[in-house]
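Data file: entry-v7.pdb. Format and content: PDB, C-alpha atoms.
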```
ATOM      1  CA  SER D   1     -13.203  21.898  -9.883
ATOM      2  CA  ILE D   2     -14.742  18.559 -10.702
ATOM      3  CA  TRP D   3     -11.424  16.768 -10.078
ATOM      4  CA  ALA D   4     -11.053  18.163  -6.561
ATOM      5  CA  PHE D   5     -14.630  17.169  -5.838
ATOM      6  CA  ALA D   6     -14.049  13.633  -7.156
ATOM      7  CA  ILE D   7     -10.873  13.196  -5.104
ATOM      8  CA  ALA D   8     -12.528  14.523  -1.942
ATOM      9  CA  GLN D   9     -15.523  12.214  -2.367
ATOM     10  CA  THR D  10     -13.258   9.219  -2.990
ATOM     11  CA  LEU D  11     -11.206   9.927   0.143
ATOM     12  CA  HIS D  12     -14.409  10.416   2.121
ATOM     13  CA  ALA D  13     -15.751   7.077   0.878
ATOM     14  CA  PHE D  14     -12.586   5.255   1.933
ATOM     15  CA  THR D  15     -12.439   6.759   5.426
ATOM     16  CA  TYR D  16     -16.179   6.592   6.091
ATOM     17  CA  GLY D  17     -16.310   2.993   4.872
ATOM     18  CA  ALA D  18     -13.252   1.960   6.878
ATOM     19  CA  ILE D  19     -14.638   3.453  10.076
ATOM     20  CA  HIS D  20     -17.961   1.634   9.762
ATOM     21  CA  VAL D  21     -16.307  -1.676   8.921
ATOM     22  CA  GLY D  22     -13.921  -1.269  11.871
ATOM     23  CA  VAL D  23     -16.687  -0.409  14.337
ATOM     24  CA  THR D  24     -18.844  -3.284  13.129
ATOM     25  CA  LYS D  25     -15.931  -5.703  13.543
ATOM     26  CA  TYR D  26     -15.223  -4.326  17.029
ATOM     27  CA  ILE D  27     -18.867  -4.740  18.081
ATOM     28  CA  VAL D  28     -19.042  -8.295  16.753
ATOM     29  CA  GLU D  29     -15.827  -9.259  18.551
ATOM     30  CA  HIS D  30     -16.470  -7.523  21.904
ATOM     31  CA  VAL D  31     -20.238  -7.620  22.480
ATOM     32  CA  GLU D  32     -22.192 -10.683  23.542
ATOM     33  CA  HIS D  33     -24.013 -12.301  20.631
ATOM     34  CA  ASN D  34     -27.500 -11.608  21.995
ATOM     35  CA  HIS D  35     -26.683  -7.865  22.395
ATOM     36  CA  ILE D  36     -25.171  -7.209  18.952
ATOM     37  CA  GLY D  37     -28.447  -5.828  17.559
ATOM     38  CA  PHE D  38     -28.733  -3.355  20.435
ATOM     39  CA  ALA D  39     -25.058  -2.363  20.139
ATOM     40  CA  MET D  40     -25.357  -1.739  16.386
ATOM     41  CA  GLY D  41     -28.567   0.250  16.880
ATOM     42  CA  PHE D  42     -26.960   2.317  19.626
ATOM     43  CA  TYR D  43     -23.857   2.916  17.505
ATOM     44  CA  TRP D  44     -25.906   3.927  14.492
ATOM     45  CA  GLY D  45     -28.129   6.263  16.495
ATOM     46  CA  ALA D  46     -25.525   7.834  18.765
ATOM     47  CA  CYS D  47     -22.583   7.934  16.368
ATOM     48  CA  THR D  48     -24.242   8.526  13.015
ATOM     49  CA  ASN D  49     -27.770   9.914  13.208
ATOM     50  CA  ILE D  50     -27.315  12.404  16.058
ATOM     51  CA  PRO D  51     -24.098  13.898  14.598
ATOM     52  CA  GLU D  52     -25.756  14.163  11.163
ATOM     53  CA  MET D  53     -28.733  15.972  12.665
ATOM     54  CA  LEU D  54     -26.532  18.346  14.661
ATOM     55  CA  GLY D  55     -24.274  18.919  11.640
ATOM     56  CA  ALA D  56     -27.235  19.818   9.440
ATOM     57  CA  PHE D  57     -28.616  22.159  12.089
ATOM     58  CA  VAL D  58     -25.323  23.893  12.857
ATOM     59  CA  GLY D  59     -24.310  23.939   9.175
ATOM     60  CA  GLY D  60     -27.567  25.627   8.230
ATOM     61  CA  PHE D  61     -27.090  28.193  10.978
ATOM     62  CA  ILE D  62     -23.514  28.916   9.833
ATOM     63  CA  ILE D  63     -24.589  29.271   6.186
ATOM     64  CA  ASP D  64     -27.431  31.639   7.095
ATOM     65  CA  SER D  65     -25.307  33.709   9.454
ATOM     66  CA  PHE D  66     -21.846  33.728   7.856
ATOM     67  CA  GLY D  67     -22.016  32.089   4.415
ATOM     68  CA  TYR D  68     -20.486  29.081   2.729
ATOM     69  CA  ASP D  69     -16.881  30.294   3.043
ATOM     70  CA  VAL D  70     -17.001  30.115   6.838
ATOM     71  CA  LEU D  71     -18.770  26.734   6.706
ATOM     72  CA  PHE D  72     -16.111  25.169   4.480
ATOM     73  CA  LEU D  73     -13.313  26.797   6.451
ATOM     74  CA  SER D  74     -14.755  25.330   9.660
ATOM     75  CA  TYR D  75     -14.292  21.833   8.199
ATOM     76  CA  SER D  76     -10.533  22.268   8.585
ATOM     77  CA  ALA D  77     -10.862  22.529  12.378
ATOM     78  CA  PHE D  78     -11.637  18.825  12.854
ATOM     79  CA  PRO D  79      -8.511  17.420  11.162
ATOM     80  CA  ILE D  80      -6.402  19.957  13.048
ATOM     81  CA  ILE D  81      -7.961  18.896  16.362
ATOM     82  CA  ALA D  82      -7.445  15.226  15.451
ATOM     83  CA  GLY D  83      -3.793  15.882  14.610
ATOM     84  CA  VAL D  84      -3.193  17.688  17.896
ATOM     85  CA  LEU D  85      -4.906  14.891  19.839
ATOM     86  CA  MET D  86      -2.791  12.329  18.013
ATOM     87  CA  LEU D  87       0.397  14.133  19.004
ATOM     88  CA  VAL D  88      -0.719  14.642  22.601
ATOM     89  CA  LEU D  89      -1.957  11.073  23.104
ATOM     90  CA  ARG D  90       0.786   9.395  21.078
ATOM     91  CA  ARG D  91       2.960   8.576  24.085
ATOM     92  CA  GLN D  92      -0.011   7.138  26.000
ATOM     93  CA  LEU D  93      -1.048   4.974  23.060
ATOM     94  CA  GLU D  94       2.493   3.682  22.522
ATOM     95  CA  THR D  95       2.989   2.748  26.186
ATOM     96  CA  LYS D  96      -0.261   0.709  26.324
ATOM     97  CA  ARG D  97       0.946  -1.768  23.686
TER      98      ARG D  97
END
```
What does the file become when written as structure tokens?
Amino acid sequence: SIWAFAIAQTLHAFTYGAIHVGVTKYIVEHVEHNHIGFAMGFYWGACTNIPEMLGAFVGGFIIDSFGYDVLFLSYSAFPIIAGVLMLVLRRQLETKR
């Protein structure tokens, strides 16, 4: 439905925007001033462009081979993996504070 699409896009915009703002702030605070341009270029290439290219390639392969249902179902794997990692690494993250 159009409402589910609108909600999903809004949530995506918030998380995608927050991640980029957070990474940019981290780079500015932790990288020497004369290397910020290189760090931002590296981040953009390695963390945005390469995953987009691989996602388009793999997504196209999945659509051609298995259809859209399998593609959209595969999107649920990443939040599940993130949740499991959060639970597994929770103790380590809490003890480092």
To one decimal place in Å, what is the distance between CA of Met40 in chain D and CA of His20 in chain D?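 CA of His20 in chain D lies 10.5 Å from CA of Met40 in chain D.
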Taking 6 positions as the minimum chain separation for residues in the same chain, which residues sit within 12 Å of Leu73 in chain D when counting all atoms listed in the file? Answer as an NGL selection string. :D and (59 or 62-63 or 66-67 or 79-80)
Given the selection you just returned, output its residues as a file containing C-alpha atoms, formatted as a PDB file, in the coordinates of the input.
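Result file follows (again_34.pdb):
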```
ATOM      1  CA  GLY D  59     -24.310  23.939   9.175  1.00  0.00           C
ATOM      2  CA  ILE D  62     -23.514  28.916   9.833  1.00  0.00           C
ATOM      3  CA  ILE D  63     -24.589  29.271   6.186  1.00  0.00           C
ATOM      4  CA  PHE D  66     -21.846  33.728   7.856  1.00  0.00           C
ATOM      5  CA  GLY D  67     -22.016  32.089   4.415  1.00  0.00           C
ATOM      6  CA  PRO D  79      -8.511  17.420  11.162  1.00  0.00           C
ATOM      7  CA  ILE D  80      -6.402  19.957  13.048  1.00  0.00           C
TER       8      ILE D  80
END
```
Given the PyMOL selection byres ((chain D and resi 39) around 12), the residues it picks as a PDB file with C-alpha atoms, in the frame of the given file:
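Saved file out-v8.pdb follows:
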```pdb
ATOM      1  CA  VAL D  23     -16.687  -0.409  14.337  1.00  0.00           C
ATOM      2  CA  THR D  24     -18.844  -3.284  13.129  1.00  0.00           C
ATOM      3  CA  LYS D  25     -15.931  -5.703  13.543  1.00  0.00           C
ATOM      4  CA  TYR D  26     -15.223  -4.326  17.029  1.00  0.00           C
ATOM      5  CA  ILE D  27     -18.867  -4.740  18.081  1.00  0.00           C
ATOM      6  CA  VAL D  28     -19.042  -8.295  16.753  1.00  0.00           C
ATOM      7  CA  GLU D  29     -15.827  -9.259  18.551  1.00  0.00           C
ATOM      8  CA  HIS D  30     -16.470  -7.523  21.904  1.00  0.00           C
ATOM      9  CA  VAL D  31     -20.238  -7.620  22.480  1.00  0.00           C
ATOM     10  CA  GLU D  32     -22.192 -10.683  23.542  1.00  0.00           C
ATOM     11  CA  HIS D  33     -24.013 -12.301  20.631  1.00  0.00           C
ATOM     12  CA  ASN D  34     -27.500 -11.608  21.995  1.00  0.00           C
ATOM     13  CA  HIS D  35     -26.683  -7.865  22.395  1.00  0.00           C
ATOM     14  CA  ILE D  36     -25.171  -7.209  18.952  1.00  0.00           C
ATOM     15  CA  GLY D  37     -28.447  -5.828  17.559  1.00  0.00           C
ATOM     16  CA  PHE D  38     -28.733  -3.355  20.435  1.00  0.00           C
ATOM     17  CA  MET D  40     -25.357  -1.739  16.386  1.00  0.00           C
ATOM     18  CA  GLY D  41     -28.567   0.250  16.880  1.00  0.00           C
ATOM     19  CA  PHE D  42     -26.960   2.317  19.626  1.00  0.00           C
ATOM     20  CA  TYR D  43     -23.857   2.916  17.505  1.00  0.00           C
ATOM     21  CA  TRP D  44     -25.906   3.927  14.492  1.00  0.00           C
ATOM     22  CA  GLY D  45     -28.129   6.263  16.495  1.00  0.00           C
ATOM     23  CA  ALA D  46     -25.525   7.834  18.765  1.00  0.00           C
ATOM     24  CA  CYS D  47     -22.583   7.934  16.368  1.00  0.00           C
TER      25      CYS D  47
END
```
Report, as JSON, the axis-aligned box around all atoms of range 18-26 of chain D present in the file, extended by 3 Å on each side; give centre and edge lengths in Å to one decimal place.
```
{"center_x": -16.0, "center_y": -1.1, "center_z": 12.0, "size_x": 11.6, "size_y": 15.2, "size_z": 16.2}
```
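Taking CA of Leu71 in chain D and CA of Phe57 in chain D as endpoints, the distance between them is 12.1 Å.
Closest to Tyr16 in chain D among D:Ser1, D:Ser74, D:Thr48, D:Ser65 is D:Thr48, based on all atoms listed in the file.
In this structure, CA of Asp69 in chain D sits 25.4 Å away from CA of Phe14 in chain D.
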